[in-house]
$ cat final.csv   # CSV, C-alpha atoms
chain,number,residue,atom,x,y,z
A,1,MET,CA,-23.0,-14.7,61.9
A,2,LEU,CA,-19.8,-13.1,60.7
A,3,ARG,CA,-18.3,-16.6,60.3
A,4,ASP,CA,-21.3,-17.5,58.0
A,5,VAL,CA,-20.7,-14.4,55.9
A,6,LEU,CA,-17.0,-15.3,55.6
A,7,ALA,CA,-17.7,-18.9,54.8
A,8,TRP,CA,-20.0,-17.7,52.0
A,9,LEU,CA,-17.3,-15.2,50.9
A,10,GLY,CA,-14.7,-17.9,50.6
A,11,GLU,CA,-16.9,-19.8,48.2
A,12,THR,CA,-17.5,-17.0,45.8
A,13,PRO,CA,-16.0,-17.5,42.3
A,14,TRP,CA,-13.5,-14.7,42.7
A,15,SER,CA,-12.3,-15.9,46.0
A,16,ILE,CA,-11.8,-19.4,44.6
A,17,ALA,CA,-10.1,-17.9,41.5
A,18,LEU,CA,-7.7,-16.0,43.7
A,19,HIS,CA,-6.7,-18.8,46.2
A,20,GLU,CA,-6.3,-21.2,43.3
A,21,SER,CA,-4.5,-18.8,41.1
A,22,LEU,CA,-1.1,-19.5,39.5
A,23,TYR,CA,0.1,-15.9,39.5
A,24,MET,CA,-2.4,-13.5,41.1
A,25,TRP,CA,-2.0,-14.7,44.7
A,26,PRO,CA,1.8,-14.5,44.8
A,27,LEU,CA,1.8,-11.2,43.0
A,28,THR,CA,-0.8,-9.8,45.4
A,29,GLU,CA,1.2,-11.1,48.3
A,30,SER,CA,4.4,-9.5,46.9
A,31,ALA,CA,2.7,-6.2,46.4
A,32,HIS,CA,1.4,-6.4,50.0
A,33,VAL,CA,4.8,-7.0,51.4
A,34,LEU,CA,6.6,-4.4,49.2
A,35,THR,CA,4.1,-1.6,50.0
A,36,LEU,CA,4.1,-2.5,53.7
A,37,ALA,CA,7.9,-2.0,53.6
A,38,LEU,CA,7.4,1.4,52.0
A,39,PHE,CA,4.6,2.3,54.4
A,40,ALA,CA,6.3,1.1,57.6
A,41,GLY,CA,9.7,2.4,56.5
A,42,THR,CA,8.6,5.9,55.9
A,43,ALA,CA,6.4,5.9,58.9
A,44,ALA,CA,9.3,4.7,61.0
A,45,VAL,CA,11.5,7.6,59.8
A,46,LEU,CA,8.8,10.1,60.9
A,47,ASP,CA,8.4,8.2,64.2
A,48,LEU,CA,12.1,8.3,64.9
A,49,ARG,CA,12.2,12.0,64.1
A,50,MET,CA,9.3,12.6,66.5
A,51,LEU,CA,11.1,10.6,69.2
A,52,GLY,CA,14.1,12.9,68.8
A,53,LEU,CA,16.3,10.0,67.6
A,54,ALA,CA,16.8,10.8,64.0
A,55,LEU,CA,17.1,13.7,61.6
A,56,GLY,CA,17.4,16.3,64.3
A,57,GLY,CA,17.4,19.9,63.0
A,58,VAL,CA,15.0,19.0,60.2
A,59,PRO,CA,11.5,20.5,60.9
A,60,VAL,CA,8.9,17.7,61.4
A,61,SER,CA,6.6,19.5,58.9
A,62,ALA,CA,9.4,19.2,56.3
A,63,LEU,CA,9.5,15.5,56.7
A,64,THR,CA,5.7,15.0,56.8
A,65,GLY,CA,5.3,17.1,53.7
A,66,ARG,CA,7.8,15.0,51.8
A,67,LEU,CA,7.4,11.6,53.2
A,68,LEU,CA,3.7,11.3,54.1
A,69,PRO,CA,2.5,11.2,50.4
A,70,TRP,CA,4.5,8.1,50.0
A,71,THR,CA,3.3,6.7,53.3
A,72,ARG,CA,-0.3,7.3,52.3
A,73,ALA,CA,0.1,5.9,48.8
A,74,ALA,CA,1.8,2.8,50.1
A,75,PHE,CA,-0.9,2.5,52.8
A,76,VAL,CA,-3.7,2.4,50.2
A,77,VAL,CA,-2.1,-0.4,48.1
A,78,MET,CA,-1.2,-2.3,51.2
A,79,VAL,CA,-4.7,-2.2,52.5
A,80,VAL,CA,-6.2,-3.1,49.1
A,81,THR,CA,-3.9,-6.1,48.6
A,82,GLY,CA,-4.3,-7.1,52.3
A,83,LEU,CA,-8.1,-7.2,51.8
A,84,ALA,CA,-7.7,-9.2,48.6
A,85,LEU,CA,-5.5,-11.8,50.4
A,86,PHE,CA,-8.1,-12.0,53.2
A,87,TYR,CA,-10.8,-12.4,50.6
A,88,ALA,CA,-8.9,-15.4,49.1
A,89,THR,CA,-9.2,-17.5,52.2
A,90,PRO,CA,-11.4,-15.6,54.7
A,91,LEU,CA,-12.1,-18.5,57.1
A,92,THR,CA,-8.4,-19.4,57.5
A,93,TYR,CA,-7.7,-15.9,58.7
A,94,TYR,CA,-10.9,-15.7,60.8
A,95,HIS,CA,-9.8,-18.7,62.9
A,96,SER,CA,-6.1,-17.7,63.1
A,97,LEU,CA,-4.9,-16.5,66.5
A,98,PHE,CA,-2.0,-14.5,64.9
A,99,PHE,CA,-4.4,-12.8,62.5
A,100,ARG,CA,-6.6,-11.8,65.4
A,101,ILE,CA,-3.7,-10.4,67.2
A,102,LYS,CA,-2.8,-8.5,64.0
A,103,VAL,CA,-6.2,-7.0,63.7
A,104,LEU,CA,-6.1,-6.0,67.4
A,105,LEU,CA,-2.8,-4.2,66.8
A,106,LEU,CA,-4.1,-2.6,63.6
A,107,GLY,CA,-6.8,-1.2,65.8
A,108,VAL,CA,-4.2,0.2,68.3
A,109,ALA,CA,-2.3,1.7,65.4
A,110,GLY,CA,-5.4,3.2,63.9
A,111,VAL,CA,-6.7,4.8,67.2
A,112,ASN,CA,-3.1,6.2,67.7
A,113,ILE,CA,-3.2,7.8,64.3
A,114,LEU,CA,-6.7,9.3,65.0
A,115,VAL,CA,-5.7,10.6,68.4
A,116,PHE,CA,-2.5,12.0,67.0
A,117,HIS,CA,-4.2,13.9,64.2
A,118,ALA,CA,-7.1,15.1,66.4
A,119,ARG,CA,-4.9,16.4,69.2
A,120,THR,CA,-1.2,16.4,68.9
A,121,VAL,CA,-0.9,17.7,65.3
A,122,ARG,CA,-2.7,20.9,66.2
A,123,GLY,CA,0.1,22.2,68.3
A,124,MET,CA,2.8,21.0,66.0
A,125,ALA,CA,3.8,24.5,65.0
A,126,ALA,CA,5.1,25.0,68.5
A,127,TRP,CA,7.5,22.0,68.3
A,128,ASP,CA,8.1,21.8,64.6
A,129,HIS,CA,11.8,22.6,65.0
A,130,ALA,CA,12.2,21.0,68.4
A,131,ASP,CA,14.9,18.3,68.5
A,132,ARG,CA,12.8,16.5,71.2
A,133,PRO,CA,9.1,17.1,70.6
A,134,PRO,CA,6.7,17.1,73.6
A,135,ARG,CA,5.7,13.9,75.4
A,136,ALA,CA,2.4,13.4,73.6
A,137,ALA,CA,4.2,13.4,70.2
A,138,ARG,CA,6.9,11.1,71.4
A,139,ALA,CA,4.3,8.7,72.9
A,140,ALA,CA,2.4,8.6,69.6
A,141,ALA,CA,5.6,7.9,67.8
A,142,MET,CA,6.6,5.1,70.2
A,143,ILE,CA,3.1,3.5,70.0
A,144,SER,CA,3.2,3.7,66.2
A,145,LEU,CA,6.6,2.0,66.0
A,146,LEU,CA,5.6,-0.8,68.4
A,147,ALA,CA,2.1,-1.3,67.0
A,148,TRP,CA,3.3,-1.6,63.3
A,149,ALA,CA,6.2,-3.8,64.3
A,150,GLY,CA,3.7,-6.0,66.1
A,151,VAL,CA,1.3,-6.0,63.1
A,152,ILE,CA,4.1,-7.1,60.8
A,153,VAL,CA,5.4,-9.9,63.0
A,154,SER,CA,1.9,-11.3,63.8
A,155,GLY,CA,1.0,-11.1,60.1
A,156,ARG,CA,4.1,-13.1,59.3
A,157,LEU,CA,3.3,-15.7,61.9
A,158,VAL,CA,-0.1,-16.3,60.3
A,159,ALA,CA,1.8,-18.6,57.9
A,160,TYR,CA,2.6,-21.0,60.8
A,161,ASN,CA,-0.1,-23.5,61.7
A,162,TRP,CA,0.9,-24.2,65.3
A,163,PHE,CA,-2.5,-23.2,66.6
A,164,GLU,CA,-4.6,-24.3,63.6
A,165,CYS,CA,-8.1,-25.3,64.6
A,166,ALA,CA,-7.8,-28.5,62.5
A,167,ILE,CA,-5.0,-29.6,64.8
A,168,GLN,CA,-6.5,-30.8,68.0
A,169,PRO,CA,-6.2,-31.0,70.9
A,170,GLN,CA,-5.3,-27.4,71.4
A,171,SER,CA,-5.5,-25.8,74.8
A,172,ALA,CA,-9.0,-24.6,75.7
A,173,ILE,CA,-7.9,-20.9,75.6
A,174,VAL,CA,-6.5,-21.2,72.1
A,175,ASN,CA,-9.8,-22.8,70.9
A,176,TRP,CA,-11.7,-20.1,72.6
A,177,LEU,CA,-9.6,-17.3,71.3
A,178,GLN,CA,-9.8,-18.6,67.7
A,179,GLU,CA,-13.5,-19.7,68.0
A,180,CYS,CA,-12.5,-23.2,66.8
A,181,PRO,CA,-15.5,-25.3,66.0
A,182,VAL,CA,-14.7,-28.1,68.4
A,183,THR,CA,-17.2,-30.7,69.2
A,184,PRO,CA,-17.0,-31.6,72.9
A,185,PRO,CA,-15.9,-35.1,73.6
B,186,MET,CA,17.9,10.0,74.6
B,187,ARG,CA,20.3,7.1,74.9
B,188,ARG,CA,18.0,5.5,77.3
B,189,THR,CA,15.0,5.8,75.0
B,190,PHE,CA,17.0,4.3,72.2
B,191,ALA,CA,17.9,1.4,74.4
B,192,LEU,CA,14.2,1.0,75.2
B,193,VAL,CA,13.3,0.9,71.5
B,194,ILE,CA,15.9,-1.8,70.9
B,195,ALA,CA,14.8,-3.8,73.9
B,196,ALA,CA,11.1,-3.6,72.8
B,197,ALA,CA,12.0,-4.6,69.3
B,198,LEU,CA,13.9,-7.6,70.6
B,199,LEU,CA,10.9,-8.7,72.6
B,200,LEU,CA,8.9,-8.7,69.5
B,201,VAL,CA,11.3,-11.0,67.7
B,202,PRO,CA,9.9,-14.5,68.2
B,203,SER,CA,12.4,-17.2,69.3
B,204,ALA,CA,11.7,-19.4,66.3
B,205,PRO,CA,13.7,-18.6,63.2
B,206,LEU,CA,11.7,-17.1,60.4
B,207,ASN,CA,12.8,-18.4,57.0
B,208,ALA,CA,11.0,-18.5,53.8
B,209,HIS,CA,7.2,-18.9,53.8
B,210,HIS,CA,6.7,-21.3,56.7
B,211,ALA,CA,9.9,-23.3,56.6
B,212,PHE,CA,10.0,-27.1,56.4
B,213,GLY,CA,12.1,-27.1,59.6
B,214,ALA,CA,9.4,-25.2,61.5
B,215,GLU,CA,6.8,-27.8,61.1
B,216,PHE,CA,8.1,-31.1,59.8
B,217,ASP,CA,10.5,-33.7,61.1
B,218,PRO,CA,13.3,-34.7,58.7
B,219,ASN,CA,13.9,-37.8,60.8
B,220,ALA,CA,10.4,-39.1,60.3
B,221,PRO,CA,10.1,-40.2,56.7
B,222,LEU,CA,7.0,-42.1,55.8
B,223,ARG,CA,5.2,-43.6,52.8
B,224,LEU,CA,1.4,-43.3,52.5
B,225,GLN,CA,-0.8,-45.1,50.0
B,226,GLY,CA,-4.4,-44.7,49.2
B,227,LYS,CA,-7.2,-42.8,47.5
B,228,VAL,CA,-7.4,-39.0,47.3
B,229,VAL,CA,-10.4,-38.1,49.4
B,230,LYS,CA,-10.1,-34.3,49.4
B,231,LEU,CA,-7.9,-31.8,47.7
B,232,GLU,CA,-7.2,-28.2,48.8
B,233,TRP,CA,-5.8,-26.5,45.8
B,234,VAL,CA,-4.9,-23.4,47.7
B,235,ASN,CA,-2.1,-20.8,47.9
B,236,PRO,CA,0.4,-20.7,49.4
B,237,HIS,CA,0.3,-24.5,50.1
B,238,THR,CA,-1.8,-27.2,48.6
B,239,TRP,CA,-3.0,-30.1,50.8
B,240,ILE,CA,-3.9,-33.6,49.5
B,241,HIS,CA,-6.0,-35.6,51.9
B,242,LEU,CA,-5.7,-39.3,51.3
B,243,GLU,CA,-7.1,-42.5,52.9
B,244,HIS,CA,-4.2,-44.6,54.0
B,245,VAL,CA,-4.6,-48.1,55.5
B,246,ASN,CA,-2.2,-48.5,58.4
B,247,GLN,CA,-0.4,-51.6,59.5
B,248,ALA,CA,-3.3,-52.7,61.8
B,249,GLY,CA,-5.5,-52.5,58.8
B,250,ALA,CA,-7.4,-49.4,59.8
B,251,LYS,CA,-8.2,-46.6,57.5
B,252,GLU,CA,-6.7,-43.2,58.4
B,253,VAL,CA,-7.1,-39.9,56.6
B,254,TRP,CA,-3.7,-38.2,56.2
B,255,MET,CA,-3.1,-34.6,55.0
B,256,VAL,CA,0.0,-34.1,52.9
B,257,GLU,CA,1.3,-30.6,52.1
B,258,GLY,CA,2.6,-29.7,48.7
B,259,GLY,CA,3.9,-26.6,47.0
B,260,THR,CA,1.8,-23.8,45.5
B,261,PRO,CA,-0.6,-24.6,42.7
B,262,ASN,CA,1.9,-22.9,40.4
B,263,THR,CA,4.8,-25.1,41.6
B,264,LEU,CA,2.8,-28.3,41.1
B,265,LEU,CA,1.6,-27.3,37.7
B,266,ARG,CA,5.2,-26.6,36.5
B,267,ARG,CA,6.2,-30.1,37.7
B,268,GLY,CA,3.2,-31.6,35.8
B,269,LEU,CA,0.6,-32.0,38.5
B,270,LYS,CA,-2.8,-30.6,37.7
B,271,ARG,CA,-5.8,-30.5,39.9
B,272,GLU,CA,-7.4,-32.9,37.6
B,273,SER,CA,-4.6,-35.4,38.1
B,274,LEU,CA,-5.6,-35.6,41.7
B,275,ALA,CA,-9.4,-36.2,41.3
B,276,TYR,CA,-11.1,-37.8,44.2
B,277,GLY,CA,-10.6,-41.5,44.2
B,278,THR,CA,-7.2,-41.3,42.5
B,279,GLU,CA,-4.9,-44.0,43.8
B,280,ILE,CA,-1.6,-42.5,44.9
B,281,ILE,CA,1.6,-43.2,46.9
B,282,VAL,CA,3.2,-40.3,48.7
B,283,ASP,CA,6.7,-40.2,50.2
B,284,GLY,CA,7.2,-37.5,52.7
B,285,TYR,CA,8.0,-36.5,56.2
B,286,GLN,CA,5.7,-36.4,59.2
B,287,THR,CA,5.0,-33.3,61.2
B,288,LYS,CA,7.2,-32.8,64.3
B,289,ASP,CA,4.1,-33.7,66.4
B,290,HIS,CA,4.0,-37.4,65.6
B,291,SER,CA,0.4,-37.7,66.8
B,292,LEU,CA,-0.8,-35.7,63.8
B,293,LYS,CA,-1.7,-37.4,60.6
B,294,ARG,CA,0.0,-34.8,58.6
B,295,ALA,CA,3.1,-34.8,56.4
B,296,ASN,CA,5.1,-32.7,54.0
B,297,GLY,CA,5.0,-34.4,50.6
B,298,ARG,CA,8.2,-35.0,48.6
B,299,ASN,CA,7.3,-37.5,45.9
B,300,ILE,CA,3.9,-38.5,44.6
B,301,THR,CA,3.6,-41.7,42.6
B,302,PHE,CA,0.7,-42.6,40.4
B,303,ALA,CA,-0.7,-46.0,39.5
B,304,ASP,CA,1.0,-45.8,36.1
B,305,GLY,CA,4.4,-45.3,37.7
B,306,ARG,CA,4.7,-41.6,37.1
B,307,LYS,CA,6.6,-40.0,39.9
B,308,ILE,CA,6.5,-36.3,40.5
B,309,PHE,CA,8.3,-34.2,43.1
B,310,MET,CA,5.6,-32.2,45.0
B,311,GLY,CA,7.5,-30.6,47.8
B,312,SER,CA,9.3,-27.4,48.3
B,313,SER,CA,13.0,-26.9,48.0
B,314,GLY,CA,15.3,-25.7,50.8
B,315,THR,CA,13.8,-24.2,53.9
B,316,GLY,CA,15.3,-27.0,56.0
B,317,ALA,CA,13.9,-29.9,54.0
B,318,PRO,CA,16.3,-32.8,53.9
B,319,ARG,CA,18.4,-33.4,50.9
B,320,ASP,CA,17.1,-36.8,50.1
B,321,GLY,CA,17.7,-36.7,46.3
B,322,ARG,CA,14.0,-36.4,45.5
B,323,ASP,CA,14.1,-32.8,44.6
B,324,PRO,CA,15.4,-32.6,41.0
B,325,THR,CA,16.3,-28.9,41.5
B,326,GLU,CA,18.5,-29.3,44.6
B,327,PRO,CA,22.2,-28.7,44.1
B,328,PRO,CA,24.4,-31.7,44.7
B,329,THR,CA,25.8,-32.0,48.2
B,330,PRO,CA,29.0,-30.0,48.3
B,331,PRO,CA,32.1,-32.3,48.7
B,332,ALA,CA,33.7,-32.2,52.1
B,333,ALA,CA,35.7,-29.0,52.4
B,334,LYS,CA,38.7,-29.4,50.2
B,335,LYS,CA,41.0,-26.5,50.6
B,336,PRO,CA,42.6,-25.6,47.3
B,337,PRO,CA,46.2,-24.3,47.5
B,338,GLY,CA,46.1,-20.7,48.3
B,339,GLY,CA,43.5,-21.0,51.0
B,340,ALA,CA,40.2,-19.6,49.6
B,341,LEU,CA,37.5,-22.2,48.9
B,342,ILE,CA,36.4,-21.8,45.3
B,343,GLN,CA,32.8,-22.5,44.7
$ encode --input "final.csv" --output "structure tokens"
Amino acid sequence: MLRDVLAWLGETPWSIALHESLYMWPLTESAHVLTLALFAGTAAVLDLRMLGLALGGVPVSALTGRLLPWTRAAFVVMVVTGLALFYATPLTYYHSLFFRIKVLLLGVAGVNILVFHARTVRGMAAWDHADRPPRAARAAAMISLLAWAGVIVSGRLVAYNWFECAIQPQSAIVNWLQECPVTPP
Amino acid sequence: MRRTFALVIAAALLLVPSAPLNAHHAFGAEFDPNAPLRLQGKVVKLEWVNPHTWIHLEHVNQAGAKEVWMVEGGTPNTLLRRGLKRESLAYGTEIIVDGYQTKDHSLKRANGRNITFADGRKIFMGSSGTGAPRDGRDPTEPPTPPAAKKPPGGALIQ
């Protein structure tokens, strides 16, 4: 079902124009990587502060007030360009094991953000100046660091075709995880 | 705090895959510089797609059987700059491709270096660097540096 929609999406004129493009695709990819650097970089500074590893003595709210606008702006461009790259060759990504891992980790990072904002942020005034914020805040920071690092690494690995469906035989588990359309022998 | 920091470093190291990550999927990660090959036949399919194009051609092997091979080329932009258009690779076009096979020799896949047309036109279709062998086919590759010759004074001048 989803695969059918993506197969159709990949045949739409704009998708073809993008994946065949001379400049648009490389520019989109560059913008994606540059904004992800800004996003993950500023997020990492906040995470390190919340872990108590960097910028001790600086109130957390001072950092979030100054850095988060950049994090958010970079996030928006990163997501838009990421969706555009997905739109260029949707089926390639759909069947990519690394892309699936990336989406999973994006989910982890997303839930972490939601939980953090729903719960941990509320009590922030109490530990705003603390060099070592409470456990919940440190846990959120650690999950954020690891999840985004994982997103970036798995995203990078999408470029490698070690597990590509078209290369058979692959192990049964790889074929299952990627939903490879394999005809049984 | 020092322990947490050590944990972060350890976790980060775990995330670093053992394979070296070079430019966009390096030659060395997928292709075998010691497995050069020449394929000849008609184009049966063309994937004119970023970030790598793929030419599918029907090659007749030594036993006389037809095999469909996939040959990887640079981006559409790279190929266009070298004079290769999508139209020049219309289905049925007779081509000769020199390249290197994938590390897995059971796969009918290769990284293309040169493509030669029936009229004798020869165009470099591969990518530079990233572990690809210096076989003289890439017109943009720098000449192989001469064996380290130490100028008087010690420092090697480029």
$ closest_residue --input "final.csv" --among "A:Ile101, A:Ala125, A:Ala130, A:Ala172" --to "Val158 of chain A" --atoms "all atoms listed in the file"
A:Ile101
$ atom_distance --input "final.csv" --atom1 "atom CA of Arg132 of chain A" --atom2 "atom CA of Leu114 of chain A"
21.7 Å
$ atom_distance --input "final.csv" --atom1 "atom CA of Asp320 of chain B" --atom2 "atom CA of Ala303 of chain B"
22.7 Å
$ atom_distance --input "final.csv" --atom1 "atom CA of Ser154 of chain A" --atom2 "atom CA of Phe99 of chain A"
6.6 Å
$ residues_around --input "final.csv" --residues "segment 2-11 of chain A" --least-positions-apart "5" --cutoff "9 Å" --atoms "only C-alpha atoms" --output "mmCIF file with C-alpha atoms, in the coordinates of the input"
data_model
loop_
_atom_site.group_PDB
_atom_site.id
_atom_site.type_symbol
_atom_site.label_atom_id
_atom_site.label_comp_id
_atom_site.auth_asym_id
_atom_site.auth_seq_id
_atom_site.Cartn_x
_atom_site.Cartn_y
_atom_site.Cartn_z
ATOM 1 C CA ILE A 16 -11.800 -19.400 44.600
ATOM 2 C CA TYR A 87 -10.800 -12.400 50.600
ATOM 3 C CA ALA A 88 -8.900 -15.400 49.100
ATOM 4 C CA THR A 89 -9.200 -17.500 52.200
ATOM 5 C CA PRO A 90 -11.400 -15.600 54.700
ATOM 6 C CA LEU A 91 -12.100 -18.500 57.100
ATOM 7 C CA TYR A 94 -10.900 -15.700 60.800
#
$ closest_residue --input "final.csv" --among "A:Val58, A:Val121, A:Leu51, A:Ala31" --to "chain B" --atoms "only C-alpha atoms"
A:Leu51
$ closest_atom_pairs --input "final.csv" --of "chain A" --to "chain B" --cutoff "9 Å" --atoms "only C-alpha atoms" --output "tab-separated table"
residue	atom	partner	partner_atom	distance
A:Ile16	CA	B:Val234	CA	8.6
A:Leu18	CA	B:Asn235	CA	8.5
A:His19	CA	B:Val234	CA	5.2
A:Glu20	CA	B:Val234	CA	5.1
A:Ser21	CA	B:Pro261	CA	7.2
A:Leu22	CA	B:Asn262	CA	4.6
A:Tyr23	CA	B:Asn262	CA	7.3
A:Trp25	CA	B:Asn235	CA	6.9
A:Pro26	CA	B:Pro236	CA	7.8
A:Leu51	CA	B:Thr189	CA	8.5
A:Gly52	CA	B:Met186	CA	7.5
A:Leu53	CA	B:Met186	CA	7.2
A:Ala88	CA	B:Asn235	CA	8.8
A:Thr89	CA	B:Val234	CA	8.6
A:Arg132	CA	B:Met186	CA	8.9
A:Met142	CA	B:Val193	CA	8.0
A:Leu145	CA	B:Val193	CA	8.7
A:Leu146	CA	B:Ala197	CA	7.5
A:Ala149	CA	B:Leu200	CA	7.6
A:Gly150	CA	B:Leu200	CA	6.8
A:Val153	CA	B:Leu200	CA	7.5
A:Arg156	CA	B:His209	CA	8.6
A:Leu157	CA	B:His210	CA	8.4
A:Ala159	CA	B:His210	CA	5.7
A:Tyr160	CA	B:His210	CA	5.8
A:Asn161	CA	B:Glu215	CA	8.2
A:Trp162	CA	B:Glu215	CA	8.1
A:Ile167	CA	B:Leu292	CA	7.5
A:Gln168	CA	B:Leu292	CA	8.6
$ residues_around --input "final.csv" --residues "Gly82 of chain A" --least-positions-apart "4" --cutoff "8 Å" --atoms "only C-alpha atoms" --output "list of chain:residue names"
A:Glu29, A:His32, A:Met78, A:Phe86
$ residues_near_point --input "final.csv" --point "(5.4, 18.4, 58.9)" --cutoff "12 Å" --atoms "all atoms listed in the file" --output "PyMOL selection string"
chain A and resi 46-47+49-50+58-69+117+121-130
